[in-house]
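Asks: Contents of model03.cif (mmCIF, C-alpha atoms) are given next:
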data_target
loop_
_atom_site.group_PDB
_atom_site.id
_atom_site.type_symbol
_atom_site.label_atom_id
_atom_site.label_comp_id
_atom_site.auth_asym_id
_atom_site.auth_seq_id
_atom_site.Cartn_x
_atom_site.Cartn_y
_atom_site.Cartn_z
ATOM 1 C CA THR W 1 8.149 -19.098 -2.443
ATOM 2 C CA GLY W 2 9.904 -21.841 -0.518
ATOM 3 C CA GLY W 3 7.238 -24.359 -1.541
ATOM 4 C CA ALA W 4 9.681 -27.279 -1.376
ATOM 5 C CA GLY W 5 10.406 -26.741 2.311
ATOM 6 C CA TYR W 6 8.852 -28.238 5.419
ATOM 7 C CA ILE W 7 6.120 -25.644 5.879
ATOM 8 C CA GLY W 8 5.853 -24.515 2.281
ATOM 9 C CA SER W 9 5.236 -27.978 0.853
ATOM 10 C CA LYS W 10 2.388 -28.590 3.310
ATOM 11 C CA ILE W 11 0.814 -25.241 2.413
ATOM 12 C CA VAL W 12 1.097 -26.134 -1.290
ATOM 13 C CA THR W 13 -0.748 -29.419 -0.774
ATOM 14 C CA ASP W 14 -3.452 -27.767 1.327
ATOM 15 C CA LEU W 15 -4.018 -25.084 -1.339
ATOM 16 C CA ILE W 16 -4.204 -27.688 -4.100
ATOM 17 C CA ASN W 17 -6.706 -29.651 -2.010
ATOM 18 C CA LYS W 18 -8.814 -26.457 -2.055
ATOM 19 C CA ASN W 19 -8.658 -26.562 -5.881
ATOM 20 C CA LEU W 20 -6.375 -23.550 -6.160
ATOM 21 C CA GLU W 21 -3.766 -23.215 -8.876
ATOM 22 C CA VAL W 22 -0.363 -23.184 -7.176
ATOM 23 C CA PHE W 23 3.014 -22.075 -8.480
ATOM 24 C CA VAL W 24 6.087 -23.008 -6.463
ATOM 25 C CA ILE W 25 9.281 -21.007 -6.635
ATOM 26 C CA ASP W 26 12.146 -22.602 -4.726
ATOM 27 C CA ASN W 27 15.894 -22.718 -5.294
ATOM 28 C CA LEU W 28 16.062 -26.111 -3.524
ATOM 29 C CA SER W 29 18.889 -24.929 -1.270
ATOM 30 C CA THR W 30 17.148 -26.537 1.707
ATOM 31 C CA GLY W 31 13.888 -27.790 0.189
ATOM 32 C CA PHE W 32 13.291 -31.000 -1.712
ATOM 33 C CA LYS W 33 11.543 -31.343 -5.048
ATOM 34 C CA TYR W 34 9.908 -34.626 -3.991
ATOM 35 C CA LEU W 35 7.973 -32.730 -1.290
ATOM 36 C CA ILE W 36 6.183 -30.581 -3.872
ATOM 37 C CA ASN W 37 2.697 -31.719 -4.768
ATOM 38 C CA LYS W 38 2.728 -32.983 -8.373
ATOM 39 C CA LYS W 39 -0.235 -30.746 -9.239
ATOM 40 C CA ALA W 40 1.760 -27.583 -8.502
ATOM 41 C CA LYS W 41 3.717 -25.835 -11.221
ATOM 42 C CA PHE W 42 7.329 -25.830 -10.037
ATOM 43 C CA TYR W 43 10.056 -23.347 -10.955
ATOM 44 C CA LYS W 44 13.570 -23.901 -9.660
ATOM 45 C CA CYS W 45 14.445 -20.299 -9.096
ATOM 46 C CA ASP W 46 15.845 -17.996 -6.432
ATOM 47 C CA ILE W 47 13.539 -15.254 -5.127
ATOM 48 C CA ALA W 48 16.218 -12.695 -6.039
ATOM 49 C CA ASP W 49 16.105 -13.652 -9.740
ATOM 50 C CA LYS W 50 14.240 -10.539 -10.849
ATOM 51 C CA VAL W 51 13.805 -11.497 -14.496
ATOM 52 C CA ARG W 52 12.449 -15.014 -13.947
ATOM 53 C CA ILE W 53 10.232 -14.093 -10.986
ATOM 54 C CA LYS W 54 8.661 -11.186 -12.848
ATOM 55 C CA LYS W 55 8.093 -13.396 -15.899
ATOM 56 C CA ILE W 56 6.429 -16.151 -13.833
ATOM 57 C CA ILE W 57 4.154 -13.718 -11.992
ATOM 58 C CA ASN W 58 3.178 -11.818 -15.128
ATOM 59 C CA ASN W 59 2.686 -14.918 -17.317
ATOM 60 C CA PHE W 60 0.151 -16.339 -14.877
ATOM 61 C CA ASN W 61 -1.268 -13.074 -13.499
ATOM 62 C CA ILE W 62 -0.495 -14.213 -9.943
ATOM 63 C CA ASP W 63 -2.258 -12.057 -7.347
ATOM 64 C CA SER W 64 -1.243 -13.705 -4.060
ATOM 65 C CA VAL W 65 2.053 -14.912 -2.634
ATOM 66 C CA ILE W 66 2.887 -16.957 0.437
ATOM 67 C CA HIS W 67 6.536 -16.190 1.147
ATOM 68 C CA CYS W 68 8.165 -19.115 2.969
ATOM 69 C CA ALA W 69 11.635 -18.914 1.404
ATOM 70 C CA ALA W 70 14.244 -18.394 4.138
ATOM 71 C CA SER W 71 17.189 -19.885 5.943
ATOM 72 C CA THR W 72 15.891 -21.241 9.261
ATOM 73 C CA ASN W 73 18.606 -22.962 11.278
ATOM 74 C CA VAL W 74 19.002 -20.991 14.521
ATOM 75 C CA LYS W 75 22.432 -22.426 15.348
ATOM 76 C CA GLU W 76 23.769 -21.796 11.851
ATOM 77 C CA SER W 77 22.454 -18.218 11.953
ATOM 78 C CA GLU W 78 24.845 -17.473 14.815
ATOM 79 C CA THR W 79 27.894 -18.741 12.921
ATOM 80 C CA ASN W 80 26.922 -17.584 9.409
ATOM 81 C CA SER W 81 25.041 -14.333 10.002
ATOM 82 C CA ARG W 82 25.881 -12.999 6.538
ATOM 83 C CA LYS W 83 24.010 -15.873 4.889
ATOM 84 C CA TYR W 84 20.941 -15.127 7.029
ATOM 85 C CA LEU W 85 21.072 -11.410 6.357
ATOM 86 C CA ILE W 86 21.237 -12.050 2.613
ATOM 87 C CA ASN W 87 18.680 -14.879 2.412
ATOM 88 C CA ASN W 88 16.130 -13.640 4.924
ATOM 89 C CA VAL W 89 16.355 -9.869 4.611
ATOM 90 C CA LYS W 90 18.082 -8.727 1.411
ATOM 91 C CA LYS W 91 16.378 -11.280 -0.836
ATOM 92 C CA THR W 92 13.008 -10.512 0.746
ATOM 93 C CA GLU W 93 13.619 -6.845 -0.007
ATOM 94 C CA ILE W 94 14.521 -7.652 -3.633
ATOM 95 C CA PHE W 95 11.407 -9.806 -3.924
ATOM 96 C CA LEU W 96 9.170 -7.088 -2.461
ATOM 97 C CA ASN W 97 10.603 -4.481 -4.824
ATOM 98 C CA LEU W 98 9.896 -6.830 -7.679
ATOM 99 C CA ILE W 99 6.308 -7.744 -6.821
ATOM 100 C CA LYS W 100 5.232 -4.141 -6.495
ATOM 101 C CA GLN W 101 5.700 -4.004 -10.291
ATOM 102 C CA THR W 102 3.402 -6.983 -10.923
ATOM 103 C CA SER W 103 -0.158 -8.210 -10.446
ATOM 104 C CA VAL W 104 0.486 -9.335 -6.842
ATOM 105 C CA LYS W 105 -1.973 -7.717 -4.413
ATOM 106 C CA ASN W 106 -1.631 -10.019 -1.389
ATOM 107 C CA ILE W 107 1.313 -11.431 0.530
ATOM 108 C CA ILE W 108 1.464 -13.774 3.486
ATOM 109 C CA TYR W 109 4.863 -13.786 5.158
ATOM 110 C CA SER W 110 6.032 -16.895 6.984
ATOM 111 C CA SER W 111 7.785 -15.778 10.159
ATOM 112 C CA THR W 112 8.603 -17.426 13.464
ATOM 113 C CA CYS W 113 8.006 -17.315 17.192
ATOM 114 C CA ALA W 114 11.762 -16.655 17.471
ATOM 115 C CA VAL W 115 10.901 -12.964 17.017
ATOM 116 C CA TYR W 116 9.632 -12.955 20.626
ATOM 117 C CA GLY W 117 12.730 -14.440 22.224
ATOM 118 C CA LYS W 118 12.288 -16.421 25.424
ATOM 119 C CA VAL W 119 8.892 -15.683 26.910
ATOM 120 C CA LYS W 120 7.272 -16.915 30.084
ATOM 121 C CA LYS W 121 3.711 -15.902 29.311
ATOM 122 C CA LYS W 122 1.310 -15.996 26.385
ATOM 123 C CA VAL W 123 2.128 -13.804 23.422
ATOM 124 C CA ASN W 124 0.007 -12.180 20.757
ATOM 125 C CA GLU W 125 0.497 -9.835 17.800
ATOM 126 C CA LYS W 126 1.036 -6.874 20.125
ATOM 127 C CA SER W 127 3.675 -8.573 22.288
ATOM 128 C CA LYS W 128 7.130 -7.009 22.325
ATOM 129 C CA LEU W 129 9.580 -8.407 19.794
ATOM 130 C CA LYS W 130 12.872 -9.372 21.466
ATOM 131 C CA PRO W 131 14.656 -11.977 19.362
ATOM 132 C CA GLU W 132 17.592 -13.617 21.104
ATOM 133 C CA ASN W 133 19.245 -15.154 18.048
ATOM 134 C CA TYR W 134 20.287 -13.887 14.654
ATOM 135 C CA TYR W 135 17.651 -15.950 12.858
ATOM 136 C CA GLY W 136 14.907 -14.211 14.868
ATOM 137 C CA LYS W 137 16.488 -10.825 14.221
ATOM 138 C CA THR W 138 16.470 -11.382 10.464
ATOM 139 C CA LYS W 139 12.824 -12.403 10.577
ATOM 140 C CA VAL W 140 11.939 -9.209 12.490
ATOM 141 C CA LEU W 141 13.772 -7.158 9.863
ATOM 142 C CA ALA W 142 11.962 -8.965 7.056
ATOM 143 C CA GLU W 143 8.589 -8.505 8.806
ATOM 144 C CA LYS W 144 9.277 -4.774 8.977
ATOM 145 C CA LEU W 145 10.065 -4.734 5.260
ATOM 146 C CA VAL W 146 6.813 -6.537 4.456
ATOM 147 C CA ILE W 147 4.837 -4.046 6.542
ATOM 148 C CA GLN W 148 6.587 -0.985 5.058
ATOM 149 C CA TYR W 149 6.323 -2.168 1.450
ATOM 150 C CA SER W 150 2.717 -3.241 1.899
ATOM 151 C CA LYS W 151 1.637 0.115 3.291
ATOM 152 C CA LYS W 152 3.615 2.075 0.710
ATOM 153 C CA ASN W 153 2.411 0.000 -2.244
ATOM 154 C CA LYS W 154 -1.169 -0.835 -1.180
ATOM 155 C CA LEU W 155 -0.354 -4.510 -0.811
ATOM 156 C CA ASN W 156 -2.504 -6.589 1.544
ATOM 157 C CA TYR W 157 -0.364 -8.539 3.979
ATOM 158 C CA ALA W 158 -0.464 -11.016 6.829
ATOM 159 C CA ILE W 159 2.422 -12.266 8.924
ATOM 160 C CA LEU W 160 2.265 -15.764 10.386
ATOM 161 C CA ARG W 161 4.546 -16.461 13.339
ATOM 162 C CA PHE W 162 4.814 -20.216 13.598
ATOM 163 C CA PHE W 163 5.295 -22.036 16.922
ATOM 164 C CA ASN W 164 6.434 -25.658 17.155
ATOM 165 C CA VAL W 165 5.586 -26.612 13.623
ATOM 166 C CA GLY W 166 5.076 -30.324 13.281
ATOM 167 C CA GLY W 167 3.192 -32.746 11.134
ATOM 168 C CA SER W 168 3.187 -34.247 7.710
ATOM 169 C CA ASP W 169 0.892 -35.031 4.861
ATOM 170 C CA ILE W 170 0.284 -38.706 4.258
ATOM 171 C CA LYS W 171 -1.616 -38.066 1.032
ATOM 172 C CA LYS W 172 1.196 -36.683 -1.142
ATOM 173 C CA LYS W 173 0.126 -36.721 -4.777
#
Reformat the file's structure so that it appears as structure tokens.
Replies:
Amino acid sequence: TGGAGYIGSKIVTDLINKNLEVFVIDNLSTGFKYLINKKAKFYKCDIADKVRIKKIINNFNIDSVIHCAASTNVKESETNSRKYLINNVKKTEIFLNLIKQTSVKNIIYSSTCAVYGKVKKKVNEKSKLKPENYYGKTKVLAEKLVIQYSKKNKLNYAILRFFNVGGSDIKKK
């Protein structure tokens, strides 16, 4: 999900370069179709579209998801908190409820270092979560949903908290 975004599109290309079959689901609200590797199968679709998502997953027997779909602008999150609650938390919850009824057994959730707030020392997975902006708060809530749903539904999960993401892929195909 979110495979047309900054991080998602790079992940898509890396997976294709490993000869994996990749399906991209993105509503293009902030992503761009031209960023999607041409070898990926693209579906313009919102992660809350239960019927289409279930059909895509079941038609291709998809077993693993990397969930990058989210609103990510920290400043905007402070002025439009409702949008961030819906996009980052509610739609993740809808998506999780949906995938527990499918072939998906693994999920990687794309989170952020914003869950830690301002820190003055090194952090790790056990560091205290103290987000200082609404964006970070929504990502903490979504992380908790991923953990709860994964434990309850025997879903393997990993949460990646990205710091200072930068780079590009000069070999777009």
Asks: Would you kindly return, as a PyMOL selection string, each protein, DNA or RNA residue with an atom no farther than 12 Å from any atom of Tyr109 in chain W, considering only C-alpha atoms and excluding same-chain residues fewer than 4 positions away?
Replies: chain W and resi 1-2+7-8+64-70+88+92+95-96+139-140+142-147+150+156-162
Asks: Please report the interatomic distance between CA of Phe163 in chain W and CA of Tyr84 in chain W in Å with one decimal.
Replies: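 One can read the CA of Phe163 in chain W to CA of Tyr84 in chain W distance as 19.8 Å.
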Asks: Using only C-alpha atoms, can you tell me which of W:Gly117, W:Gly31, W:Gly3, W:Gly166 comes closest to Leu129 in chain W?
Replies: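 For Leu129 in chain W, the nearest of the candidates is W:Gly117.
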Asks: Can you work out the spacing between CA of Lys91 in chain W and CA of Ala48 in chain W in Å, to one decimal?
Replies: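 The value is 5.4 Å.
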Asks: So how far away is CA of Thr112 in chain W from CA of Phe60 in chain W, in Å?
Replies: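 CA of Phe60 in chain W sits 29.6 Å away from CA of Thr112 in chain W.
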Asks: Quick one: contact table of range 36-107 of chain W to range 15-28 of chain W, 9 Å max, nearest atom pair and distance in Å to one decimal per residue, counting all atoms listed in the file, chain and number order, as a tab-separated table?
Replies:
residue	atom	partner	partner_atom	distance
W:Ile36	CA	W:Val24	CA	8.0
W:Asn37	CA	W:Ile16	CA	8.0
W:Lys39	CA	W:Ile16	CA	7.2
W:Ala40	CA	W:Val22	CA	5.1
W:Lys41	CA	W:Phe23	CA	4.7
W:Phe42	CA	W:Val24	CA	4.7
W:Tyr43	CA	W:Ile25	CA	5.0
W:Lys44	CA	W:Asn27	CA	5.1
W:Cys45	CA	W:Asn27	CA	4.7
W:Asp46	CA	W:Asn27	CA	4.9
W:Ile47	CA	W:Ile25	CA	7.3
W:Ile53	CA	W:Ile25	CA	8.2
W:Ile56	CA	W:Phe23	CA	8.7
W:Ile62	CA	W:Phe23	CA	8.7
W:Ala69	CA	W:Asp26	CA	7.2
Asks: Just the selected residues (C-alpha atoms), exported as a short mmCIF file (atom, residue, chain, number, x, y, z; two decimals), in the coordinates of the input, please.
Replies:
data_model
loop_
_atom_site.label_atom_id
_atom_site.label_comp_id
_atom_site.auth_asym_id
_atom_site.auth_seq_id
_atom_site.Cartn_x
_atom_site.Cartn_y
_atom_site.Cartn_z
CA ILE W 36 6.18 -30.58 -3.87
CA ASN W 37 2.70 -31.72 -4.77
CA LYS W 39 -0.24 -30.75 -9.24
CA ALA W 40 1.76 -27.58 -8.50
CA LYS W 41 3.72 -25.84 -11.22
CA PHE W 42 7.33 -25.83 -10.04
CA TYR W 43 10.06 -23.35 -10.96
CA LYS W 44 13.57 -23.90 -9.66
CA CYS W 45 14.44 -20.30 -9.10
CA ASP W 46 15.84 -18.00 -6.43
CA ILE W 47 13.54 -15.25 -5.13
CA ILE W 53 10.23 -14.09 -10.99
CA ILE W 56 6.43 -16.15 -13.83
CA ILE W 62 -0.50 -14.21 -9.94
CA ALA W 69 11.64 -18.91 1.40
#
Asks: Counting only C-alpha atoms, which of W:Val51, W:Ser103, W:Lys128, W:Tyr6 gets nearest to Val115 in chain W?
Replies: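 The closest residue to Val115 in chain W is W:Lys128.
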Asks: Box for range 99-103 of chain W - axis-aligned, 5 Å on each of the six sides, all listed atoms - centre and size in Å to one decimal, as AutoDock Vina command-line options.
Replies:
--center_x 3.1 --center_y -6.1 --center_z -8.7 --size_x 16.5 --size_y 14.2 --size_z 14.4
Asks: For each of W:Gln148, W:Asn153, W:Thr138, W:Asn133, take the minimum atom-to-atom distance to Val74 in chain W, counting only C-alpha atoms, then give the residue where this is smallest.
Replies: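 For Val74 in chain W, the nearest of the candidates is W:Asn133.
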Asks: For Asn164 in chain W, which of W:Ala114, W:Ile94, W:Tyr149, W:Arg52 is the closest residue, counting only C-alpha atoms?
Replies: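 With only C-alpha atoms as the atom set, the closest residue is W:Ala114.
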Asks: Save range 135-147 of chain W of the structure in the block above to a file, with all heavy atoms included, as a PDB file, in the first residue's frame.
Replies:
ATOM      1  N   TYR W 135       0.935  13.953  13.793  1.00  0.00           N
ATOM      2  CA  TYR W 135       1.377  12.916  12.869  1.00  0.00           C
ATOM      3  C   TYR W 135       2.004  11.755  13.645  1.00  0.00           C
ATOM      4  O   TYR W 135       1.628  10.597  13.469  1.00  0.00           O
ATOM      5  CB  TYR W 135       2.374  13.495  11.862  1.00  0.00           C
ATOM      6  CG  TYR W 135       3.160  12.462  11.102  1.00  0.00           C
ATOM      7  CD1 TYR W 135       2.520  11.578  10.243  1.00  0.00           C
ATOM      8  CD2 TYR W 135       4.546  12.375  11.222  1.00  0.00           C
ATOM      9  CE1 TYR W 135       3.244  10.625   9.537  1.00  0.00           C
ATOM     10  CE2 TYR W 135       5.266  11.443  10.524  1.00  0.00           C
ATOM     11  CZ  TYR W 135       4.615  10.564   9.680  1.00  0.00           C
ATOM     12  OH  TYR W 135       5.324   9.622   8.987  1.00  0.00           O
ATOM     13  N   GLY W 136       2.940  12.041  14.529  1.00  0.00           N
ATOM     14  CA  GLY W 136       3.575  11.005  15.341  1.00  0.00           C
ATOM     15  C   GLY W 136       2.582  10.256  16.202  1.00  0.00           C
ATOM     16  O   GLY W 136       2.670   9.034  16.368  1.00  0.00           O
ATOM     17  N   LYS W 137       1.615  10.968  16.742  1.00  0.00           N
ATOM     18  CA  LYS W 137       0.585  10.323  17.572  1.00  0.00           C
ATOM     19  C   LYS W 137      -0.238   9.333  16.760  1.00  0.00           C
ATOM     20  O   LYS W 137      -0.549   8.236  17.238  1.00  0.00           O
ATOM     21  CB  LYS W 137      -0.321  11.377  18.213  1.00  0.00           C
ATOM     22  CG  LYS W 137       0.379  12.180  19.288  1.00  0.00           C
ATOM     23  CD  LYS W 137      -0.497  13.302  19.818  1.00  0.00           C
ATOM     24  CE  LYS W 137       0.318  14.146  20.794  1.00  0.00           C
ATOM     25  NZ  LYS W 137      -0.401  15.342  21.247  1.00  0.00           N
ATOM     26  N   THR W 138      -0.587   9.715  15.524  1.00  0.00           N
ATOM     27  CA  THR W 138      -1.377   8.789  14.705  1.00  0.00           C
ATOM     28  C   THR W 138      -0.563   7.561  14.325  1.00  0.00           C
ATOM     29  O   THR W 138      -1.111   6.459  14.238  1.00  0.00           O
ATOM     30  CB  THR W 138      -1.931   9.457  13.427  1.00  0.00           C
ATOM     31  OG1 THR W 138      -0.865   9.888  12.586  1.00  0.00           O
ATOM     32  CG2 THR W 138      -2.853  10.616  13.775  1.00  0.00           C
ATOM     33  N   LYS W 139       0.723   7.734  14.144  1.00  0.00           N
ATOM     34  CA  LYS W 139       1.562   6.578  13.803  1.00  0.00           C
ATOM     35  C   LYS W 139       1.698   5.638  15.004  1.00  0.00           C
ATOM     36  O   LYS W 139       1.713   4.414  14.842  1.00  0.00           O
ATOM     37  CB  LYS W 139       2.932   7.029  13.283  1.00  0.00           C
ATOM     38  CG  LYS W 139       2.872   7.799  11.963  1.00  0.00           C
ATOM     39  CD  LYS W 139       2.211   7.028  10.843  1.00  0.00           C
ATOM     40  CE  LYS W 139       3.241   6.323  10.005  1.00  0.00           C
ATOM     41  NZ  LYS W 139       2.702   5.663   8.814  1.00  0.00           N
ATOM     42  N   VAL W 140       1.777   6.184  16.211  1.00  0.00           N
ATOM     43  CA  VAL W 140       1.806   5.344  17.417  1.00  0.00           C
ATOM     44  C   VAL W 140       0.501   4.547  17.512  1.00  0.00           C
ATOM     45  O   VAL W 140       0.517   3.338  17.779  1.00  0.00           O
ATOM     46  CB  VAL W 140       2.010   6.186  18.702  1.00  0.00           C
ATOM     47  CG1 VAL W 140       1.731   5.353  19.955  1.00  0.00           C
ATOM     48  CG2 VAL W 140       3.422   6.746  18.757  1.00  0.00           C
ATOM     49  N   LEU W 141      -0.619   5.216  17.299  1.00  0.00           N
ATOM     50  CA  LEU W 141      -1.910   4.531  17.363  1.00  0.00           C
ATOM     51  C   LEU W 141      -1.994   3.416  16.322  1.00  0.00           C
ATOM     52  O   LEU W 141      -2.461   2.305  16.618  1.00  0.00           O
ATOM     53  CB  LEU W 141      -3.059   5.525  17.171  1.00  0.00           C
ATOM     54  CG  LEU W 141      -3.276   6.530  18.296  1.00  0.00           C
ATOM     55  CD1 LEU W 141      -4.303   7.586  17.880  1.00  0.00           C
ATOM     56  CD2 LEU W 141      -3.720   5.818  19.571  1.00  0.00           C
ATOM     57  N   ALA W 142      -1.518   3.693  15.118  1.00  0.00           N
ATOM     58  CA  ALA W 142      -1.550   2.678  14.067  1.00  0.00           C
ATOM     59  C   ALA W 142      -0.595   1.522  14.390  1.00  0.00           C
ATOM     60  O   ALA W 142      -0.925   0.357  14.146  1.00  0.00           O
ATOM     61  CB  ALA W 142      -1.208   3.304  12.723  1.00  0.00           C
ATOM     62  N   GLU W 143       0.577   1.825  14.944  1.00  0.00           N
ATOM     63  CA  GLU W 143       1.499   0.763  15.367  1.00  0.00           C
ATOM     64  C   GLU W 143       0.812  -0.166  16.365  1.00  0.00           C
ATOM     65  O   GLU W 143       0.922  -1.394  16.279  1.00  0.00           O
ATOM     66  CB  GLU W 143       2.753   1.347  16.025  1.00  0.00           C
ATOM     67  CG  GLU W 143       3.760   1.923  15.084  1.00  0.00           C
ATOM     68  CD  GLU W 143       5.031   2.354  15.803  1.00  0.00           C
ATOM     69  OE1 GLU W 143       5.254   1.938  16.969  1.00  0.00           O
ATOM     70  OE2 GLU W 143       5.828   3.092  15.194  1.00  0.00           O
ATOM     71  N   LYS W 144       0.119   0.440  17.328  1.00  0.00           N
ATOM     72  CA  LYS W 144      -0.576  -0.362  18.342  1.00  0.00           C
ATOM     73  C   LYS W 144      -1.632  -1.257  17.703  1.00  0.00           C
ATOM     74  O   LYS W 144      -1.800  -2.417  18.102  1.00  0.00           O
ATOM     75  CB  LYS W 144      -1.199   0.537  19.406  1.00  0.00           C
ATOM     76  CG  LYS W 144      -0.166   1.163  20.323  1.00  0.00           C
ATOM     77  CD  LYS W 144      -0.798   2.085  21.349  1.00  0.00           C
ATOM     78  CE  LYS W 144       0.284   2.686  22.242  1.00  0.00           C
ATOM     79  NZ  LYS W 144      -0.265   3.601  23.244  1.00  0.00           N
ATOM     80  N   LEU W 145      -2.337  -0.734  16.711  1.00  0.00           N
ATOM     81  CA  LEU W 145      -3.321  -1.548  15.998  1.00  0.00           C
ATOM     82  C   LEU W 145      -2.654  -2.727  15.298  1.00  0.00           C
ATOM     83  O   LEU W 145      -3.154  -3.854  15.366  1.00  0.00           O
ATOM     84  CB  LEU W 145      -4.071  -0.701  14.963  1.00  0.00           C
ATOM     85  CG  LEU W 145      -5.096   0.281  15.485  1.00  0.00           C
ATOM     86  CD1 LEU W 145      -5.605   1.172  14.351  1.00  0.00           C
ATOM     87  CD2 LEU W 145      -6.250  -0.445  16.147  1.00  0.00           C
ATOM     88  N   VAL W 146      -1.548  -2.464  14.624  1.00  0.00           N
ATOM     89  CA  VAL W 146      -0.825  -3.536  13.928  1.00  0.00           C
ATOM     90  C   VAL W 146      -0.413  -4.622  14.917  1.00  0.00           C
ATOM     91  O   VAL W 146      -0.604  -5.817  14.665  1.00  0.00           O
ATOM     92  CB  VAL W 146       0.406  -2.983  13.164  1.00  0.00           C
ATOM     93  CG1 VAL W 146       1.297  -4.113  12.656  1.00  0.00           C
ATOM     94  CG2 VAL W 146      -0.041  -2.092  12.007  1.00  0.00           C
ATOM     95  N   ILE W 147       0.122  -4.215  16.043  1.00  0.00           N
ATOM     96  CA  ILE W 147       0.565  -5.182  17.062  1.00  0.00           C
ATOM     97  C   ILE W 147      -0.624  -5.985  17.586  1.00  0.00           C
ATOM     98  O   ILE W 147      -0.576  -7.219  17.647  1.00  0.00           O
ATOM     99  CB  ILE W 147       1.314  -4.469  18.203  1.00  0.00           C
ATOM    100  CG1 ILE W 147       2.633  -3.888  17.684  1.00  0.00           C
ATOM    101  CG2 ILE W 147       1.556  -5.417  19.374  1.00  0.00           C
ATOM    102  CD1 ILE W 147       3.287  -2.879  18.616  1.00  0.00           C
TER     103      ILE W 147
END
